[in-house]
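Peer 1: One structure, as structure tokens, below. Some questions next.
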There are 2 protein chains.
Amino acid sequence: MNINPIQLFDTESSTFTYILVGEDDKSAVIIDAVDHHWERDLAHLKRLGLELAYVLETHAHADHVTAAGKLREVTGAKAAVPAGCGIAPAEVQLNDGDIIRFGKDEQIKVIHTPGHTAGSVSYLWRGNVFTGDTLLIDGCGRTDFQSGSSAALYDSVVGKLFKLPDTTRVWPGHDYKGQSVSTIGWEKEHNSRLAHRSKEDFATLMASLNLPKPRMIDIAVPANQNLGVRPEERH
Amino acid sequence: MNINPIQLFDTESSTFTYILVGEDDKSAVIIDAVDHHWERDLAHLKRLGLELAYVLETHAHADHVTAAGKLREVTGAKAAVPAGCGIAPAEVQLNDGDIIRFGKDEQIKVIHTPGHTAGSVSYLWRGNVFTGDTLLIDGCGRTDFQSGSSAALYDSVVGKLFKLPDTTRVWPGHDYKGQSVSTIGWEKEHNSRLAHRSKEDFATLMASLNLPKPRMIDIAVPANQNLGVRPEERH
């Protein structure tokens with residue numbers, strides 16, 4: 001049976017935050033928390049009687065600031081982040097194939113999925129994959145900054161994520177159209193950027209997007225490399 | 001272990017829609033779908049490879065129109081609704097204690113929870129209770145129209161819902177503050193309208209609210225009593 005996470009949304013940046021609850025119904029981890037929602041997220045943990053074992057990041061975000069540092073501070077959780085993202089203050093630097101353990105016997109597998117950023121990872125847990133900005137529902141993250149690479153993203157999605165079982169639930173880092181969850185089977189067949197497309201064709205498509213520079217990038221990336229704790233907040 | 005539903009949101013009316021997925025990973029029911037999201041909801045079912053067994057309603061809503069009739073039409077699902085809500089075209093009229101079965105061995109128990117409306121029900125499934133507008137997170141539905149009754153709502157919440165195990169997850173019909181899920185244990189201790197309050201005190205509180213008449217009520221209630229299919233759409 002497929003166990004769903006609790007999915008939370010930030011309307012400003014259209015970011016999804018996920019709370020994964022262990023089988024013991026007590027332990028939890030949170031993925032990609034958003035700075036101004038740390039009290040909302042903490043309230044959810046309290047209402048559900050959960051102890052936060054880890055704050056996880058899929059990458060160093062360019063469009064919003066993480067609440068990972070704040071949640072770590074108030075809960076005592078550890079921060080676990082992709083090794084290639086320059087997020088220095090985290091307790092755990094994750095590499096491809098690493099397993100994050102929490103609760104009684106929960107295991108989250110780290111899959112290195114570069115392309116949106118060089119360090120981006122996806123997290124696999126109980127038939128759910130949390131794909132950050134690598135694979136979106138019927139889309140994918142942009143590949144034109146932060147060591148992004150359309151060739152790497154293609155390999156990550158087609159070569160790694162599309163090899164997961166078809167029924168694997170896909171929980172993206174963002175959605176802009178009211179979509180919440182998909183499956184590997186559906187994306188493999190229907191994703192308008194990546195399904196049935198060659199690597200060359202995908203590279204041409206991504207090179208033609210001409211997207212504007214993210215408004216927040218110059219603030220967000222340095223802040224996120226410090227787990228969202230900005231210099232003026234340090235004491 | 002607590003199995004979560006998939007929670008979807010309508011920003012216009014702040015309504016939650018829920019998809020409950022059976023252990024077979026194929027069968028599903030949907031609770032409180034919203035009219036203009038029927039294509040979104042159908043897309044979720046398709047992406048996840050789900051067959052819809054039932055469209056369920058917690059009551060005849062006054063603030064939005066249901067997509068139950070439309071989803072029933074396009075999927076072949078049956079409509080199951082509370083017997084006391086005047087929703088005539090549904091295949092199944094539900095009473096307190098009834099069990100809705102779907103998938104391999106999924107059972108949803110109907111709990112009659114009058115108060116917001118006389119016919120309102122809550123649905124209990126695998127440690128989750130879907131409370132419609134009866135019990136909200138740190139609040140409750142209004143009781144001043146549609147045969148609403150603060151005394152009945154008090155008895156429904158304190159006498160029935162608060163008797164469920166503390167760890168039962170509470171999934172409300174609405175939220176206006178970015179909250180998504182709570183537990184019976186938390187609400188019993190902290191709900192600002194209902195925790196540690198007498199029935200008389202609650203009645204006084206509810207009588208003092210002086211809420212405006214819902215904008216949509218004259219359109220929504222008759223439409224919802226027809227599963228959201230408006231007269232001009234009939235053929």
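Chain labels A, B, ... are given in the sequence in which chains occur in the structure tokens; within each chain residues are numbered consecutively from 1, and ligands are likewise numbered from 1 in the order shown.
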Give me, as a PyMOL selection string, all polymer residues having an atom no more than 12 Å from Leu124 in chain B, counting only C-alpha atoms and skipping those fewer than 5 positions away in the same chain.
Peer 2: chain B and resi 3+5+20+31+58+96-101+106-113+129-132+160-161+164-165+168-171
Peer 1: Would you output that residue set with C-alpha atoms, as a short mmCIF file (atom, residue, chain, number, x, y, z; two decimals), in the first residue's frame?
Peer 2:
```cif
data_model
loop_
_atom_site.label_atom_id
_atom_site.label_comp_id
_atom_site.auth_asym_id
_atom_site.auth_seq_id
_atom_site.Cartn_x
_atom_site.Cartn_y
_atom_site.Cartn_z
CA ILE B 3 -2.76 6.20 6.17
CA PRO B 5 -5.68 10.75 2.16
CA LEU B 20 -8.98 8.14 -0.34
CA ILE B 31 -15.13 13.46 -0.55
CA THR B 58 -20.44 15.48 4.06
CA ASP B 96 -25.44 6.80 11.21
CA GLY B 97 -23.37 3.64 11.51
CA ASP B 98 -23.57 2.71 7.84
CA ILE B 99 -20.44 1.30 6.25
CA ILE B 100 -19.34 2.27 2.74
CA ARG B 101 -17.23 -0.47 1.22
CA GLU B 106 -11.87 -0.69 2.58
CA GLN B 107 -14.54 0.39 5.03
CA ILE B 108 -15.69 3.93 5.67
CA LYS B 109 -17.93 4.36 8.67
CA VAL B 110 -20.63 7.02 8.62
CA ILE B 111 -21.05 9.08 11.80
CA HIS B 112 -24.10 11.32 11.87
CA THR B 113 -22.81 14.66 13.20
CA VAL B 129 -11.99 11.35 10.28
CA PHE B 130 -13.35 13.68 7.59
CA THR B 131 -15.42 16.13 9.55
CA GLY B 132 -16.87 18.41 6.84
CA LYS B 160 -19.16 11.61 19.27
CA LEU B 161 -15.99 12.93 17.59
CA LEU B 164 -12.60 8.75 18.91
CA PRO B 165 -8.99 7.78 19.76
CA THR B 168 -7.33 10.01 14.97
CA ARG B 169 -6.39 12.50 12.27
CA VAL B 170 -8.93 15.28 11.70
CA TRP B 171 -9.33 16.38 8.08
#
```
Peer 1: Name all residues at most 6 Å from range 43-53 of chain A (count only C-alpha atoms; drop same-chain ones fewer than 5 positions away) and give them as a ChimeraX atom specification.
Peer 2: /A:26-29,77 /B:182-183,186
Peer 1: Print the selection's residues with N, CA and C atoms to a file, as a JSON list (two decimals), in the first residue's frame.
Peer 2:
```json
[["chain", "number", "residue", "atom", "x", "y", "z"],
["A", 26, "LYS", "N", 4.88, 8.74, 15.48],
["A", 26, "LYS", "CA", 5.51, 9.72, 16.40],
["A", 26, "LYS", "C", 6.65, 10.48, 15.72],
["A", 27, "SER", "N", 7.39, 9.77, 14.88],
["A", 27, "SER", "CA", 8.58, 10.37, 14.29],
["A", 27, "SER", "C", 8.25, 10.91, 12.91],
["A", 28, "ALA", "N", 8.96, 11.97, 12.54],
["A", 28, "ALA", "CA", 8.68, 12.59, 11.25],
["A", 28, "ALA", "C", 9.93, 13.26, 10.70],
["A", 29, "VAL", "N", 9.91, 13.48, 9.39],
["A", 29, "VAL", "CA", 10.88, 14.38, 8.77],
["A", 29, "VAL", "C", 10.09, 15.37, 7.93],
["A", 77, "ALA", "N", 15.83, 18.93, 15.62],
["A", 77, "ALA", "CA", 16.06, 18.00, 14.51],
["A", 77, "ALA", "C", 17.45, 18.25, 13.91],
["B", 182, "SER", "N", -5.32, 17.96, 11.74],
["B", 182, "SER", "CA", -5.16, 18.00, 13.19],
["B", 182, "SER", "C", -5.44, 16.60, 13.74],
["B", 183, "THR", "N", -5.57, 16.51, 15.04],
["B", 183, "THR", "CA", -5.94, 15.23, 15.65],
["B", 183, "THR", "C", -7.06, 15.46, 16.67],
["B", 186, "TRP", "N", -5.64, 16.75, 19.98],
["B", 186, "TRP", "CA", -5.31, 18.18, 20.02],
["B", 186, "TRP", "C", -6.57, 19.03, 20.12]]
```
Peer 1: To test your reading of the structure, identify every residue in range 16-209 of chain A that backbone DSSP assigns to strand (DSSP E or B), and report it as a PyMOL selection string.
Peer 2: chain A and resi 16-21+27-31+34+51-56+66+78-82+92-94+99-102+106-112+121-125+128-132+135-136+139-140+169-172+174+182-183
Peer 1: What are the closest atom pairs, with distances in Å to one decimal, for each residue of range 46-74 of chain A lying within 7 Å of range 223-226 of chain A, using only C-alpha atoms, rows by chain and rising residue number, as a Markdown table?
Peer 2:
```
| residue | atom | partner | partner_atom | distance |
| --- | --- | --- | --- | --- |
| A:Ala60 | CA | A:Asn224 | CA | 5.5 |
| A:His61 | CA | A:Asn224 | CA | 6.6 |
| A:Val65 | CA | A:Asn224 | CA | 5.9 |
| A:Thr66 | CA | A:Asn224 | CA | 5.9 |
```
Peer 1: I want to know what sits within 9 Å of Pro214 in chain A, based on only C-alpha atoms, with residues of the same chain fewer than 3 positions away left out; could you give that as a tab-separated table (two decimals) with N, CA and C atoms, in the first residue's frame?
Peer 2:
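So out_22.tsv came out as:
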```
chain	number	residue	atom	x	y	z
A	62	ALA	N	16.24	28.70	-5.33
A	62	ALA	CA	16.50	30.06	-5.81
A	62	ALA	C	15.27	30.93	-5.72
A	63	ASP	N	14.12	30.35	-5.39
A	63	ASP	CA	12.87	31.11	-5.46
A	63	ASP	C	12.19	31.35	-4.12
A	211	LEU	N	13.84	32.01	-19.95
A	211	LEU	CA	13.14	32.39	-18.72
A	211	LEU	C	13.83	33.58	-18.06
A	217	ILE	N	16.76	35.07	-6.47
A	217	ILE	CA	17.95	34.20	-6.49
A	217	ILE	C	19.13	34.76	-5.68
A	218	ASP	N	19.38	36.07	-5.78
A	218	ASP	CA	20.57	36.62	-5.13
A	218	ASP	C	20.44	36.64	-3.60
```
Peer 1: Can you tell me how far CA of Arg142 in chain A sits from CA of Asp41 in chain B, in Å to one decimal?
Peer 2: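 These atoms are spaced 26.7 Å apart.
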Peer 1: So which residues touch Ala118 in chain A within 7 Å, counting only C-alpha atoms, skipping near sequence neighbours fewer than 2 positions away, as a list in words?
Peer 2: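 With the cut-off at 7 Å, the set is Gly84, Pro114, Gly115, His116, Ser120, Ser147 and Gly148 of chain A.
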Peer 1: Kindly indicate which residue among B:Val74, B:Ala88, B:Ala79, B:Ile137 lies nearest to chain A, using only C-alpha atoms for the distances.
Peer 2: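 Distance minimum relative to chain A lands on B:Ile137.
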Peer 1: Point out the residue among B:Leu194, B:Val158, B:Val92, B:Val121 with the least atom-to-atom distance to Gly139 in chain B, counting only C-alpha atoms.
Peer 2: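 Once distances to Gly139 in chain B are computed over only C-alpha atoms, the minimum belongs to B:Leu194.
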Peer 1: Using only C-alpha atoms, find the one residue out of A:Cys85, A:Ile184, A:Leu56, A:Leu209 that sits nearest to chain B.
Peer 2: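 Ranking A:Cys85, A:Ile184, A:Leu56, A:Leu209 by distance to chain B, first place goes to A:Ile184.
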Peer 1: Rank nothing, just name the residue among A:His174, A:Glu200, A:Ala33, A:Glu39 nearest to chain B, using only C-alpha atoms.
Peer 2: A:Glu39
Peer 1: Among range 107-222 of chain A, which residues does DSSP mark as alpha helix (DSSP H) when it is run on the backbone? Keep the chain and numbering as in the structure and answer as a short mmCIF file (atom, residue, chain, number, x, y, z; two decimals) with N, CA and C atoms, in the first residue's frame.
Peer 2:
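As written to disk, part07.cif reads:
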```
data_model
loop_
_atom_site.label_atom_id
_atom_site.label_comp_id
_atom_site.auth_asym_id
_atom_site.auth_seq_id
_atom_site.Cartn_x
_atom_site.Cartn_y
_atom_site.Cartn_z
N SER A 150 20.73 20.72 -18.91
CA SER A 150 19.60 19.95 -19.46
C SER A 150 20.02 18.50 -19.70
N ALA A 151 21.28 18.29 -20.09
CA ALA A 151 21.75 16.91 -20.32
C ALA A 151 21.72 16.12 -19.01
N ALA A 152 22.17 16.75 -17.92
CA ALA A 152 22.15 16.07 -16.62
C ALA A 152 20.73 15.81 -16.16
N LEU A 153 19.84 16.79 -16.36
CA LEU A 153 18.46 16.61 -15.93
C LEU A 153 17.80 15.46 -16.70
N TYR A 154 18.07 15.41 -17.99
CA TYR A 154 17.53 14.32 -18.81
C TYR A 154 17.98 12.96 -18.26
N ILE A 184 5.14 7.90 -11.56
CA ILE A 184 6.20 7.68 -12.55
C ILE A 184 5.60 7.16 -13.86
N GLY A 185 4.65 6.24 -13.76
CA GLY A 185 4.02 5.67 -14.97
C GLY A 185 3.39 6.75 -15.84
N TRP A 186 2.70 7.68 -15.20
CA TRP A 186 2.02 8.74 -15.96
C TRP A 186 3.04 9.68 -16.59
N GLU A 187 4.03 10.09 -15.80
CA GLU A 187 5.03 11.04 -16.30
C GLU A 187 5.84 10.45 -17.45
N LYS A 188 6.13 9.17 -17.34
CA LYS A 188 6.90 8.47 -18.39
C LYS A 188 6.15 8.49 -19.72
N GLU A 189 4.84 8.43 -19.65
CA GLU A 189 4.02 8.40 -20.85
C GLU A 189 3.62 9.78 -21.34
N HIS A 190 3.41 10.73 -20.39
CA HIS A 190 2.71 11.96 -20.75
C HIS A 190 3.46 13.26 -20.46
N LYS A 199 17.37 13.12 -25.92
CA LYS A 199 18.17 14.04 -25.13
C LYS A 199 18.46 15.33 -25.91
N GLU A 200 18.69 15.20 -27.19
CA GLU A 200 19.02 16.36 -28.03
C GLU A 200 17.79 17.27 -28.16
N ASP A 201 16.67 16.63 -28.39
CA ASP A 201 15.41 17.35 -28.53
C ASP A 201 15.09 18.11 -27.23
N PHE A 202 15.33 17.43 -26.11
CA PHE A 202 15.07 18.05 -24.80
C PHE A 202 16.01 19.25 -24.58
N ALA A 203 17.28 19.10 -24.96
CA ALA A 203 18.25 20.19 -24.81
C ALA A 203 17.82 21.41 -25.63
N THR A 204 17.35 21.17 -26.83
CA THR A 204 16.88 22.27 -27.70
C THR A 204 15.70 22.97 -27.05
N LEU A 205 14.75 22.16 -26.55
CA LEU A 205 13.57 22.72 -25.89
C LEU A 205 13.98 23.59 -24.70
N MET A 206 14.85 23.07 -23.83
CA MET A 206 15.22 23.80 -22.62
C MET A 206 15.99 25.08 -22.97
N ALA A 207 16.81 25.02 -24.03
CA ALA A 207 17.60 26.19 -24.44
C ALA A 207 16.71 27.29 -25.01
N ILE A 217 16.76 35.07 -6.47
CA ILE A 217 17.95 34.20 -6.49
C ILE A 217 19.13 34.76 -5.68
N ASP A 218 19.38 36.07 -5.78
CA ASP A 218 20.57 36.62 -5.13
C ASP A 218 20.44 36.64 -3.60
N ILE A 219 19.21 36.65 -3.13
CA ILE A 219 18.97 36.56 -1.69
C ILE A 219 18.82 35.10 -1.27
N ALA A 220 18.03 34.36 -2.05
CA ALA A 220 17.60 33.02 -1.61
C ALA A 220 18.76 32.03 -1.57
N VAL A 221 19.58 31.99 -2.60
CA VAL A 221 20.62 30.95 -2.65
C VAL A 221 21.61 31.08 -1.49
N PRO A 222 22.20 32.28 -1.27
CA PRO A 222 23.09 32.38 -0.10
C PRO A 222 22.38 32.07 1.22
#
```
